[in-house]
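Structure file protein04.txt; described as compact mmCIF, C-alpha atoms.
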# COMPACT_ATOMS: atom_id res chain seq x y z
CA MET M 1 40.28 -29.90 17.58
CA ALA M 2 36.63 -29.83 18.57
CA ASN M 3 37.49 -29.20 22.21
CA THR M 4 39.97 -26.46 21.51
CA GLN M 5 37.28 -25.01 19.32
CA SER M 6 34.63 -24.99 22.02
CA ARG M 7 36.91 -23.34 24.53
CA LYS M 8 38.06 -20.71 22.05
CA ASN M 9 34.46 -19.90 21.25
CA GLU M 10 33.73 -18.81 24.77
CA LYS M 11 34.72 -15.45 23.29
CA VAL M 12 31.80 -15.53 20.88
CA ILE M 13 32.73 -15.54 17.18
CA PRO M 14 30.71 -12.98 15.19
CA ILE M 15 28.02 -14.59 13.04
CA SER M 16 29.34 -12.63 10.03
CA VAL M 17 32.62 -14.57 10.37
CA ILE M 18 30.76 -17.89 10.63
CA LYS M 19 28.76 -17.07 7.52
CA ARG M 20 31.93 -16.48 5.50
CA LEU M 21 33.55 -19.81 6.47
CA PRO M 22 31.31 -21.92 4.17
CA ILE M 23 32.25 -19.59 1.30
CA TYR M 24 35.96 -20.14 1.99
CA TYR M 25 35.27 -23.87 2.29
CA ARG M 26 33.43 -24.07 -1.05
CA CYS M 27 36.22 -22.21 -2.82
CA LEU M 28 38.94 -24.41 -1.26
CA VAL M 29 37.12 -27.62 -2.25
CA ASN M 30 36.84 -26.32 -5.83
CA LEU M 31 40.61 -25.68 -5.84
CA LEU M 32 41.28 -29.16 -4.42
CA ASN M 33 39.17 -30.64 -7.21
CA ARG M 34 41.48 -28.88 -9.65
CA ASP M 35 44.47 -30.53 -7.93
CA MET M 36 45.83 -27.29 -6.50
CA GLU M 37 47.98 -27.61 -3.39
CA ARG M 38 48.45 -24.13 -2.02
CA ILE M 39 47.14 -20.62 -2.38
CA SER M 40 48.03 -17.19 -0.99
CA SER M 41 45.45 -15.26 1.02
CA ARG M 42 45.50 -12.63 -1.74
CA GLU M 43 44.62 -15.16 -4.45
CA LEU M 44 41.97 -16.76 -2.28
CA ALA M 45 40.52 -13.32 -1.51
CA GLU M 46 40.31 -12.46 -5.22
CA LYS M 47 38.42 -15.64 -5.99
CA ILE M 48 35.93 -15.02 -3.22
CA GLY M 49 35.54 -11.27 -3.54
CA VAL M 50 36.73 -10.24 -0.06
CA THR M 51 40.04 -8.74 1.04
CA ALA M 52 43.07 -10.81 2.04
CA SER M 53 43.11 -9.16 5.44
CA GLN M 54 39.45 -10.14 5.95
CA ILE M 55 40.37 -13.79 5.38
CA ARG M 56 43.38 -13.61 7.71
CA GLN M 57 41.30 -11.86 10.37
CA ASP M 58 38.42 -14.34 10.07
CA LEU M 59 40.71 -17.36 10.35
CA SER M 60 42.62 -15.86 13.29
CA HIS M 61 39.54 -16.54 15.45
CA PHE M 62 40.23 -20.25 15.12
CA GLY M 63 44.02 -20.62 15.25
CA ASN M 64 47.07 -20.10 13.06
CA PHE M 65 46.70 -21.07 9.45
CA GLY M 66 49.05 -20.44 6.57
CA GLN M 67 52.69 -19.45 6.49
CA ARG M 68 54.25 -16.25 5.32
CA GLY M 69 55.70 -16.76 1.81
CA TYR M 70 53.91 -20.09 1.35
CA GLY M 71 50.25 -19.21 1.84
CA TYR M 72 47.71 -21.83 2.81
CA ASN M 73 47.91 -25.56 2.22
CA ILE M 74 44.51 -26.00 0.58
CA ASN M 75 43.86 -29.51 1.86
CA ASP M 76 44.81 -28.64 5.46
CA LEU M 77 42.79 -25.42 5.49
CA SER M 78 39.68 -27.01 3.97
CA ASN M 79 39.87 -29.83 6.54
CA ALA M 80 40.29 -27.33 9.35
CA ILE M 81 37.28 -25.29 8.20
CA ALA M 82 35.24 -28.48 7.76
CA ASN M 83 36.03 -29.32 11.40
CA ILE M 84 35.16 -25.83 12.60
CA LEU M 85 31.84 -25.90 10.74
CA GLY M 86 30.91 -29.39 11.81
CA ILE M 87 30.93 -30.76 8.28
CA ASN M 88 31.40 -34.56 8.44
CA HIS M 89 29.94 -34.42 11.93
CA ASN M 90 26.93 -36.41 10.60
CA PHE M 91 23.71 -34.53 11.11
CA THR M 92 20.39 -36.31 10.68
CA MET M 93 17.50 -34.37 9.16
CA VAL M 94 13.81 -34.67 8.34
CA LEU M 95 12.22 -32.70 5.51
CA ILE M 96 8.67 -31.41 5.83
CA GLY M 97 7.24 -30.49 2.43
CA ALA M 98 8.00 -32.43 -0.75
CA GLY M 99 7.01 -29.64 -3.18
CA ASN M 100 9.40 -28.13 -5.70
CA LEU M 101 11.53 -26.39 -3.11
CA GLY M 102 11.67 -29.51 -0.85
CA THR M 103 12.58 -31.63 -3.85
CA ALA M 104 15.33 -29.21 -4.84
CA ILE M 105 16.72 -29.30 -1.29
CA ALA M 106 16.54 -33.10 -1.02
CA ASN M 107 18.39 -33.44 -4.32
CA TYR M 108 20.97 -30.76 -3.56
CA PRO M 109 24.39 -32.10 -4.52
CA ASN M 110 27.01 -32.77 -1.84
CA PHE M 111 24.81 -32.61 1.26
CA LYS M 112 25.12 -36.33 1.93
CA GLN M 113 28.84 -36.54 1.40
CA ARG M 114 29.27 -33.58 3.74
CA GLY M 115 27.49 -35.50 6.49
CA PHE M 116 23.96 -34.08 6.18
CA GLN M 117 21.55 -36.97 5.84
CA ILE M 118 17.82 -36.66 5.17
CA LYS M 119 16.35 -39.61 7.07
CA ALA M 120 12.68 -39.06 6.22
CA VAL M 121 10.42 -36.84 4.08
CA PHE M 122 6.84 -35.94 4.99
CA ASP M 123 4.04 -34.26 3.07
CA ASN M 124 0.28 -33.87 3.41
CA ASP M 125 -0.39 -34.38 -0.30
CA ILE M 126 -1.83 -37.91 -0.63
CA SER M 127 -0.71 -38.15 -4.25
CA LYS M 128 2.94 -37.89 -3.19
CA ILE M 129 2.87 -40.49 -0.41
CA GLY M 130 4.92 -43.56 -1.32
CA MET M 131 6.93 -41.73 -4.01
CA LYS M 132 10.70 -41.66 -3.76
CA LEU M 133 12.60 -38.48 -2.98
CA SER M 134 16.37 -38.73 -2.72
CA ASP M 135 16.85 -41.94 -0.64
CA CYS M 136 13.50 -41.63 1.16
CA THR M 137 9.94 -42.74 0.55
CA ILE M 138 7.62 -39.78 1.12
CA GLN M 139 5.44 -40.45 4.17
CA HIS M 140 2.18 -38.87 5.26
CA ILE M 141 2.68 -36.00 7.66
CA ASN M 142 0.59 -37.80 10.30
CA LYS M 143 3.48 -40.29 10.66
CA LEU M 144 5.92 -37.55 11.72
CA GLU M 145 5.51 -37.81 15.48
CA ASP M 146 5.83 -41.64 15.45
CA PHE M 147 9.01 -41.24 13.43
CA LEU M 148 10.51 -38.62 15.75
CA GLN M 149 9.70 -40.77 18.79
CA VAL M 150 12.07 -43.54 17.65
CA ASN M 151 14.65 -41.66 15.58
CA ASN M 152 17.28 -39.23 16.73
CA ILE M 153 17.01 -36.22 14.45
CA ASP M 154 19.22 -33.13 14.63
CA ILE M 155 17.66 -30.80 12.05
CA GLY M 156 14.11 -30.25 10.82
CA ILE M 157 13.81 -28.71 7.35
CA LEU M 158 10.65 -26.71 6.62
CA THR M 159 9.76 -26.16 2.96
CA ILE M 160 6.06 -25.52 3.54
CA PRO M 161 3.79 -22.45 3.49
CA ALA M 162 4.42 -19.88 6.21
CA GLU M 163 1.15 -20.45 8.07
CA GLU M 164 2.01 -24.11 8.79
CA THR M 165 5.53 -23.60 10.09
CA GLN M 166 4.86 -22.74 13.74
CA TYR M 167 2.90 -25.99 14.23
CA PHE M 168 5.87 -28.08 13.06
CA CYS M 169 8.28 -25.90 14.93
CA ASN M 170 6.43 -26.81 18.14
CA ILE M 171 6.52 -30.54 17.29
CA PHE M 172 10.26 -30.36 16.58
CA LYS M 173 10.82 -28.69 19.94
CA GLU M 174 8.74 -31.32 21.73
CA TYR M 175 10.84 -34.13 20.27
CA GLY M 176 14.16 -32.49 21.07
CA ILE M 177 15.20 -31.41 17.60
CA LYS M 178 17.91 -28.81 18.06
CA GLY M 179 17.97 -27.03 14.70
CA ILE M 180 15.38 -25.80 12.23
CA TRP M 181 16.27 -24.89 8.67
CA ASN M 182 13.37 -22.70 7.62
CA PHE M 183 12.56 -21.71 4.04
CA ALA M 184 9.16 -20.15 4.78
CA PRO M 185 8.87 -16.34 4.87
CA VAL M 186 8.12 -16.18 8.58
CA SER M 187 9.92 -15.48 11.87
CA LEU M 188 9.56 -18.60 14.03
CA ASN M 189 9.04 -18.43 17.73
CA THR M 190 11.21 -21.20 19.19
CA GLY M 191 12.39 -19.96 22.56
CA ASN M 192 16.07 -20.53 23.26
CA GLN M 193 16.25 -24.30 22.94
CA VAL M 194 16.08 -24.49 19.16
CA MET M 195 18.39 -22.79 16.64
CA VAL M 196 16.69 -21.44 13.55
CA GLU M 197 18.52 -20.76 10.31
CA ASN M 198 16.36 -19.01 7.74
CA VAL M 199 16.64 -18.95 3.97
CA HIS M 200 14.36 -16.03 3.22
CA ILE M 201 14.11 -16.10 -0.54
CA SER M 202 11.79 -13.13 -1.12
CA GLU M 203 13.82 -10.96 1.25
CA SER M 204 16.91 -11.68 -0.81
CA LEU M 205 15.08 -10.48 -3.95
CA MET M 206 13.95 -7.31 -2.17
CA THR M 207 17.54 -6.61 -1.11
CA LEU M 208 18.61 -6.89 -4.75
CA ALA M 209 15.73 -4.60 -5.79
CA TYR M 210 16.88 -1.97 -3.31
CA ARG M 211 20.46 -2.10 -4.59
CA LEU M 212 19.29 -1.85 -8.22
CA LYS M 213 16.97 1.06 -7.50
CA GLU M 214 19.71 2.95 -5.66
CA GLU M 215 22.06 2.41 -8.60
CA CYS M 216 19.62 3.95 -11.14
CA MET S 1 10.14 10.05 -1.69
CA ALA S 2 12.46 8.29 -4.11
CA ASN S 3 14.53 11.42 -4.65
CA THR S 4 14.86 12.21 -0.98
CA GLN S 5 15.90 8.61 -0.63
CA SER S 6 18.64 8.77 -3.21
CA ARG S 7 20.09 11.91 -1.72
CA LYS S 8 20.03 10.50 1.80
CA ASN S 9 21.78 7.37 0.59
CA GLU S 10 24.85 9.28 -0.47
CA LYS S 11 25.88 8.44 3.08
CA VAL S 12 25.84 4.71 2.33
CA ILE S 13 23.32 2.65 4.32
CA PRO S 14 24.90 -0.50 5.79
CA ILE S 15 23.84 -3.66 3.93
CA SER S 16 22.83 -5.22 7.28
CA VAL S 17 20.18 -2.50 7.61
CA ILE S 18 18.95 -3.09 4.04
CA LYS S 19 18.68 -6.82 4.72
CA ARG S 20 16.43 -6.20 7.75
CA LEU S 21 13.97 -3.95 5.88
CA PRO S 22 12.30 -6.83 3.99
CA ILE S 23 11.80 -8.60 7.33
CA TYR S 24 10.09 -5.52 8.77
CA TYR S 25 8.05 -5.24 5.59
CA ARG S 26 6.89 -8.88 5.70
CA CYS S 27 5.83 -8.52 9.33
CA LEU S 28 3.96 -5.25 8.68
CA VAL S 29 2.08 -6.75 5.71
CA ASN S 30 1.05 -9.71 7.90
CA LEU S 31 -0.27 -7.26 10.51
CA LEU S 32 -2.16 -5.29 7.84
CA ASN S 33 -3.75 -8.53 6.66
CA ARG S 34 -5.01 -8.99 10.20
CA ASP S 35 -6.56 -5.49 10.06
CA MET S 36 -4.19 -4.01 12.61
CA GLU S 37 -3.64 -0.25 12.38
CA ARG S 38 -0.73 0.58 14.61
CA ILE S 39 2.08 -1.07 16.54
CA SER S 40 4.78 0.06 18.96
CA SER S 41 8.43 -0.48 18.11
CA ARG S 42 8.59 -2.83 21.13
CA GLU S 43 5.76 -5.05 19.86
CA LEU S 44 7.16 -5.04 16.33
CA ALA S 45 10.60 -5.93 17.69
CA GLU S 46 9.18 -8.88 19.64
CA LYS S 47 7.46 -10.28 16.57
CA ILE S 48 10.63 -10.05 14.51
CA GLY S 49 13.17 -11.07 17.12
CA VAL S 50 15.28 -7.89 17.17
CA THR S 51 15.38 -5.06 19.72
CA ALA S 52 13.11 -2.00 19.56
CA SER S 53 16.14 0.26 19.44
CA GLN S 54 17.48 -1.70 16.46
CA ILE S 55 14.25 -0.98 14.57
CA ARG S 56 14.30 2.72 15.49
CA GLN S 57 17.96 3.00 14.53
CA ASP S 58 17.46 1.17 11.20
CA LEU S 59 14.49 3.35 10.23
CA SER S 60 16.28 6.55 11.25
CA HIS S 61 18.50 6.13 8.16
CA PHE S 62 15.46 6.89 6.00
CA GLY S 63 13.51 9.57 7.84
CA ASN S 64 11.20 9.99 10.82
CA PHE S 65 8.66 7.25 11.32
CA GLY S 66 6.35 6.66 14.25
CA GLN S 67 5.29 8.94 17.07
CA ARG S 68 6.07 8.70 20.75
CA GLY S 69 3.06 7.20 22.56
CA TYR S 70 1.37 6.13 19.32
CA GLY S 71 3.94 3.90 17.70
CA TYR S 72 3.91 3.25 13.97
CA ASN S 73 0.95 3.48 11.61
CA ILE S 74 1.32 0.07 10.00
CA ASN S 75 -0.03 1.05 6.60
CA ASP S 76 2.16 4.16 6.35
CA LEU S 77 5.30 2.37 7.51
CA SER S 78 4.81 -0.61 5.18
CA ASN S 79 4.27 1.78 2.24
CA ALA S 80 7.36 3.75 3.19
CA ILE S 81 9.49 0.59 3.39
CA ALA S 82 8.04 -0.66 0.08
CA ASN S 83 9.15 2.64 -1.49
CA ILE S 84 12.60 2.43 0.06
CA LEU S 85 13.06 -1.16 -1.15
CA GLY S 86 11.75 -0.51 -4.64
CA ILE S 87 8.81 -2.88 -4.23
CA ASN S 88 6.11 -1.94 -6.79
CA HIS S 89 8.89 -0.41 -8.89
CA ASN S 90 8.20 -3.13 -11.52
CA PHE S 91 11.26 -5.20 -12.18
CA THR S 92 11.38 -7.50 -15.20
CA MET S 93 13.19 -10.81 -14.84
CA VAL S 94 14.26 -13.87 -16.82
CA LEU S 95 14.73 -17.27 -15.21
CA ILE S 96 17.46 -19.61 -16.41
CA GLY S 97 16.83 -23.17 -15.22
CA ALA S 98 13.35 -24.69 -14.94
CA GLY S 99 14.31 -27.49 -12.55
CA ASN S 100 12.79 -27.93 -9.09
CA LEU S 101 14.43 -24.84 -7.66
CA GLY S 102 13.55 -22.70 -10.69
CA THR S 103 9.96 -23.95 -10.55
CA ALA S 104 9.75 -23.14 -6.84
CA ILE S 105 11.06 -19.62 -7.51
CA ALA S 106 8.72 -19.03 -10.48
CA ASN S 107 5.75 -20.12 -8.37
CA TYR S 108 6.78 -18.20 -5.27
CA PRO S 109 3.74 -16.39 -3.92
CA ASN S 110 3.56 -12.59 -3.99
CA PHE S 111 6.46 -11.85 -6.32
CA LYS S 112 4.19 -10.64 -9.11
CA GLN S 113 1.99 -8.47 -6.95
CA ARG S 114 5.12 -6.90 -5.47
CA GLY S 115 6.23 -5.85 -8.94
CA PHE S 116 8.66 -8.64 -9.80
CA GLN S 117 7.63 -10.13 -13.13
CA ILE S 118 9.23 -13.17 -14.76
CA LYS S 119 9.01 -12.39 -18.47
CA ALA S 120 10.61 -15.57 -19.82
CA VAL S 121 11.98 -18.93 -18.66
CA PHE S 122 14.77 -20.83 -20.39
CA ASP S 123 16.14 -24.35 -20.01
CA ASN S 124 18.38 -26.68 -22.01
CA ASP S 125 16.24 -29.77 -21.31
CA ILE S 126 14.35 -30.48 -24.55
CA SER S 127 11.60 -32.32 -22.68
CA LYS S 128 10.67 -29.11 -20.83
CA ILE S 129 10.51 -26.78 -23.86
CA GLY S 130 6.95 -25.63 -24.53
CA MET S 131 5.70 -26.49 -21.04
CA LYS S 132 4.13 -23.76 -18.93
CA LEU S 133 5.83 -22.36 -15.83
CA SER S 134 4.02 -19.59 -13.99
CA ASP S 135 2.81 -17.33 -16.86
CA CYS S 136 5.61 -18.31 -19.24
CA THR S 137 6.22 -21.01 -21.82
CA ILE S 138 9.62 -22.58 -21.23
CA GLN S 139 11.95 -21.74 -24.13
CA HIS S 140 15.17 -23.37 -25.27
CA ILE S 141 18.22 -21.68 -23.85
CA ASN S 142 19.48 -20.95 -27.37
CA LYS S 143 16.65 -18.38 -27.68
CA LEU S 144 17.95 -16.35 -24.72
CA GLU S 145 20.10 -13.86 -26.61
CA ASP S 146 17.35 -13.15 -29.18
CA PHE S 147 14.97 -12.50 -26.31
CA LEU S 148 17.36 -10.18 -24.49
CA GLN S 149 18.00 -8.24 -27.66
CA VAL S 150 14.38 -7.08 -27.90
CA ASN S 151 13.25 -7.08 -24.25
CA ASN S 152 14.31 -4.81 -21.46
CA ILE S 153 15.18 -7.06 -18.53
CA ASP S 154 16.33 -5.87 -15.09
CA ILE S 155 17.17 -9.11 -13.29
CA GLY S 156 18.51 -12.49 -14.42
CA ILE S 157 17.74 -15.42 -12.12
CA LEU S 158 20.16 -18.36 -12.17
CA THR S 159 18.87 -21.69 -10.86
CA ILE S 160 21.36 -23.86 -12.73
CA PRO S 161 24.47 -25.84 -11.78
CA ALA S 162 27.46 -23.81 -10.60
CA GLU S 163 29.67 -24.60 -13.61
CA GLU S 164 27.21 -22.99 -16.05
CA THR S 165 26.63 -19.72 -14.21
CA GLN S 166 29.61 -17.66 -15.39
CA TYR S 167 28.61 -18.18 -19.04
CA PHE S 168 25.13 -16.71 -18.42
CA CYS S 169 26.52 -14.03 -16.21
CA ASN S 170 28.60 -12.84 -19.17
CA ILE S 171 25.56 -12.88 -21.48
CA PHE S 172 23.52 -10.89 -18.93
CA LYS S 173 26.29 -8.32 -18.74
CA GLU S 174 26.51 -8.07 -22.52
CA TYR S 175 22.79 -7.30 -22.80
CA GLY S 176 22.81 -4.70 -20.05
CA ILE S 177 21.06 -6.68 -17.29
CA LYS S 178 21.83 -4.86 -14.06
CA GLY S 179 21.07 -7.51 -11.41
CA ILE S 180 21.73 -11.22 -11.03
CA TRP S 181 19.90 -13.33 -8.47
CA ASN S 182 22.14 -16.34 -8.14
CA PHE S 183 21.18 -19.63 -6.46
CA ALA S 184 24.24 -21.60 -7.55
CA PRO S 185 27.01 -22.26 -5.01
CA VAL S 186 29.59 -20.12 -6.77
CA SER S 187 31.06 -16.62 -6.52
CA LEU S 188 30.36 -14.87 -9.83
CA ASN S 189 32.82 -12.56 -11.46
CA THR S 190 30.75 -9.65 -12.80
CA GLY S 191 32.94 -6.57 -12.55
CA ASN S 192 31.22 -3.52 -11.14
CA GLN S 193 28.40 -3.08 -13.65
CA VAL S 194 26.21 -5.92 -12.40
CA MET S 195 24.84 -6.41 -8.87
CA VAL S 196 24.81 -10.00 -7.65
CA GLU S 197 22.56 -11.19 -4.85
CA ASN S 198 23.31 -14.76 -3.81
CA VAL S 199 21.08 -17.30 -2.12
CA HIS S 200 23.69 -19.79 -1.01
CA ILE S 201 21.63 -22.68 0.26
CA SER S 202 24.38 -25.07 1.32
CA GLU S 203 26.24 -22.28 3.12
CA SER S 204 23.15 -21.59 5.17
CA LEU S 205 23.03 -25.26 6.22
CA MET S 206 26.71 -25.18 7.18
CA THR S 207 26.10 -22.08 9.31
CA LEU S 208 23.33 -23.96 11.13
CA ALA S 209 25.65 -26.96 11.56
CA TYR S 210 28.28 -24.76 13.17
CA ARG S 211 25.80 -23.25 15.59
CA LEU S 212 24.46 -26.70 16.54
CA LYS S 213 27.93 -28.12 17.04
CA GLU S 214 28.94 -25.20 19.25
CA GLU S 215 25.81 -25.69 21.34
CA CYS S 216 26.56 -29.39 22.06
Represent the structure contained in this file as structure tokens.
Amino acid sequence: MANTQSRKNEKVIPISVIKRLPIYYRCLVNLLNRDMERISSRELAEKIGVTASQIRQDLSHFGNFGQRGYGYNINDLSNAIANILGINHNFTMVLIGAGNLGTAIANYPNFKQRGFQIKAVFDNDISKIGMKLSDCTIQHINKLEDFLQVNNIDIGILTIPAEETQYFCNIFKEYGIKGIWNFAPVSLNTGNQVMVENVHISESLMTLAYRLKEEC
Amino acid sequence: MANTQSRKNEKVIPISVIKRLPIYYRCLVNLLNRDMERISSRELAEKIGVTASQIRQDLSHFGNFGQRGYGYNINDLSNAIANILGINHNFTMVLIGAGNLGTAIANYPNFKQRGFQIKAVFDNDISKIGMKLSDCTIQHINKLEDFLQVNNIDIGILTIPAEETQYFCNIFKEYGIKGIWNFAPVSLNTGNQVMVENVHISESLMTLAYRLKEEC
């Protein structure tokens, strides 16, 4: 599956398609939890708030799913999307910043069972060092480089103020971390070696404000 | 400005353009804070990680900004984008869920000075009732409807588990709240009267996972 996937993706899949896959996945897992076996693309589309043809078109990038008159087998399709997305691939992560946002992320339900493991948490607040967060003991930030030297980490999570992010971004790059999950309101300069995925919270609020203002 | 804006927007602006405006705005405010006066579209593009022609094209939806050979006046452009986005428009908000994520959101820097005011915070955890969060005293969730009856609220923020969101979504709708800022991993059913802006944290991580897996 993974190999077929890589070859297929030589014709680059639009990022908008990739961003919808986790939404399909979440919906399918909810249906599985309610013991449902199959669903039509129309029903799935209604639950998600897209069109059925959007779903069919998105999935067509990755192969043939579903059968006319039967719809999708929910278990098969959720497994296929999990494979496409790399869920269960086992990604190791470090978290920098054990404030409220970092704590919320570390305690987010389902990350671990989907193969995303936080291996260590670092902070510069002395009062937090030694406290537990998720399965980790919070370590002082000056231990980060020692940790990265002997541990193979895929993703660095940044839940720290914007002005500190570039420093850690450079450390991550130096130690071969391939992905940064950035919650700070800043555009990181990483070159091409490191992928950055941003969760820009205030920009999401401003987008909502625009849509509300236009509606008035 | 606002009126011109509304008329122009009868030819609908793509949401992808709207989502980039807050990024431009953040960058421009950072430059203003460093006492810069003007910037070329090329320099601005480099800082943000888009192309100069993308910036020019995005801004062209809203009017003429910048001059050939001079670039953009940073103060003017940031004010213009603030007006377009509805920043400083003064939006009132309530926050449902005073857990770690809710606390992080309530304490997010700059929301208040950009005109986004949290007027009340509600939770169902008795041990939190009466505690302070940002400028609010946390109230029991059973006070929400009384509060909405006598206060004019624009935006409801949901930082609660997925299974509880639809219930509050319905209450928001009933009391005429026009926007929901949803952090729960769920697609809300709101009809057409209420705008929903989602921050889907786990879906962002899955998107990063996909990109990392494809890179390997």
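Residues from chain S that have an atom within 6 Å of chain M, counting all atoms listed in the file, are Lys19, Pro22, Leu85, Gly86, Asn100, Leu101, Ala104, Glu197, Glu203, Thr207, Leu208, Ala209 and Tyr210 of chain S.
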- Query: With only C-alpha atoms as the atoms that count, which of M:Asn33, M:Ser41, M:Asn142, M:Ser16 lies nearest to M:Ser53?
  - Reply: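 Using only C-alpha atoms, the shortest distance to M:Ser53 belongs to M:Ser41.
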- Would you please work out which residue, of S:Asn88, S:Asn170, S:Ser78, S:Ser127, is nearest to S:Gly66 when using all atoms listed in the file?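 Checking each of S:Asn88, S:Asn170, S:Ser78, S:Ser127 against S:Gly66, counting all atoms listed in the file, the winner is S:Ser78.
Going from atom CA of S:Pro14 over to atom CA of S:Gln57, you cover 11.7 Å.
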- Atomic distance atom CA of S:Gln139 - atom CA of S:Ala120, expressed in Å with one decimal: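 Taking atom CA of S:Gln139 as the start and atom CA of S:Ala120 as the end point, the length is 7.6 Å.
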- Message: I'd like the contact shell of S:Glu145 - 10 Å cut-off, all atoms listed in the file, skipping same-chain residues fewer than 2 positions apart - returned as a PyMOL selection string.
- Response: chain S and resi 141-143+147-151+171-172+174-175
- Quote the spacing between atom CA of M:Lys112 and atom CA of M:Lys173 in Å to one decimal place.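 Atom CA of M:Lys173 lies at a distance of 24.2 Å from atom CA of M:Lys112.
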Centre and edge lengths of an axis-aligned box around all listed atoms of stretch 86-105 of chain M, with 4 Å added on each side, are to be given in Å to one decimal, as AutoDock Vina command-line options.
--center_x 19.2 --center_y -31.4 --center_z 3.1 --size_x 32.4 --size_y 18.0 --size_z 25.6
- Message: Counting only C-alpha atoms, which residue out of S:Ala98, S:Met93, S:Leu59, S:Cys169 sits closest to S:Gly130?
- Response: S:Ala98
- Task: Tell me which of S:Gly97, S:Gly156, S:Gly191, S:Gly176 sits closest to S:Ile129, counting all atoms listed in the file.
- Result: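 Looking at the shortest contact to S:Ile129, the residue is S:Gly97.
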Mind rebuilding stretch 158-172 of chain S with N, CA and C atoms and writing that out as a PDB file, in the frame of the given file?
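Okay, this is what ended up in part.pdb:
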ATOM      1  N   LEU S 158      19.401 -17.160 -11.811  1.00  0.00           N
ATOM      2  CA  LEU S 158      20.160 -18.360 -12.170  1.00  0.00           C
ATOM      3  C   LEU S 158      19.864 -19.496 -11.203  1.00  0.00           C
ATOM      4  N   THR S 159      19.116 -20.484 -11.668  1.00  0.00           N
ATOM      5  CA  THR S 159      18.870 -21.690 -10.860  1.00  0.00           C
ATOM      6  C   THR S 159      19.385 -22.882 -11.657  1.00  0.00           C
ATOM      7  N   ILE S 160      20.682 -22.849 -11.889  1.00  0.00           N
ATOM      8  CA  ILE S 160      21.360 -23.860 -12.730  1.00  0.00           C
ATOM      9  C   ILE S 160      22.611 -24.310 -11.993  1.00  0.00           C
ATOM     10  N   PRO S 161      23.248 -25.393 -12.460  1.00  0.00           N
ATOM     11  CA  PRO S 161      24.470 -25.840 -11.780  1.00  0.00           C
ATOM     12  C   PRO S 161      25.577 -24.778 -11.818  1.00  0.00           C
ATOM     13  N   ALA S 162      26.414 -24.814 -10.795  1.00  0.00           N
ATOM     14  CA  ALA S 162      27.460 -23.810 -10.600  1.00  0.00           C
ATOM     15  C   ALA S 162      28.319 -23.607 -11.853  1.00  0.00           C
ATOM     16  N   GLU S 163      28.692 -24.707 -12.516  1.00  0.00           N
ATOM     17  CA  GLU S 163      29.670 -24.600 -13.610  1.00  0.00           C
ATOM     18  C   GLU S 163      29.115 -23.850 -14.819  1.00  0.00           C
ATOM     19  N   GLU S 164      27.802 -23.674 -14.887  1.00  0.00           N
ATOM     20  CA  GLU S 164      27.210 -22.990 -16.050  1.00  0.00           C
ATOM     21  C   GLU S 164      26.941 -21.506 -15.794  1.00  0.00           C
ATOM     22  N   THR S 165      27.109 -21.065 -14.553  1.00  0.00           N
ATOM     23  CA  THR S 165      26.630 -19.720 -14.210  1.00  0.00           C
ATOM     24  C   THR S 165      27.448 -18.611 -14.844  1.00  0.00           C
ATOM     25  N   GLN S 166      28.785 -18.761 -14.892  1.00  0.00           N
ATOM     26  CA  GLN S 166      29.610 -17.660 -15.390  1.00  0.00           C
ATOM     27  C   GLN S 166      29.274 -17.334 -16.847  1.00  0.00           C
ATOM     28  N   TYR S 167      28.974 -18.371 -17.629  1.00  0.00           N
ATOM     29  CA  TYR S 167      28.610 -18.180 -19.040  1.00  0.00           C
ATOM     30  C   TYR S 167      27.386 -17.260 -19.148  1.00  0.00           C
ATOM     31  N   PHE S 168      26.357 -17.522 -18.345  1.00  0.00           N
ATOM     32  CA  PHE S 168      25.130 -16.710 -18.420  1.00  0.00           C
ATOM     33  C   PHE S 168      25.330 -15.323 -17.819  1.00  0.00           C
ATOM     34  N   CYS S 169      26.157 -15.294 -16.812  1.00  0.00           N
ATOM     35  CA  CYS S 169      26.520 -14.030 -16.210  1.00  0.00           C
ATOM     36  C   CYS S 169      27.126 -13.102 -17.265  1.00  0.00           C
ATOM     37  N   ASN S 170      27.983 -13.643 -18.110  1.00  0.00           N
ATOM     38  CA  ASN S 170      28.600 -12.840 -19.170  1.00  0.00           C
ATOM     39  C   ASN S 170      27.559 -12.382 -20.196  1.00  0.00           C
ATOM     40  N   ILE S 171      26.629 -13.261 -20.542  1.00  0.00           N
ATOM     41  CA  ILE S 171      25.560 -12.880 -21.480  1.00  0.00           C
ATOM     42  C   ILE S 171      24.707 -11.763 -20.864  1.00  0.00           C
ATOM     43  N   PHE S 172      24.338 -11.921 -19.599  1.00  0.00           N
ATOM     44  CA  PHE S 172      23.520 -10.890 -18.930  1.00  0.00           C
ATOM     45  C   PHE S 172      24.218  -9.530 -19.013  1.00  0.00           C
TER      46      PHE S 172
END
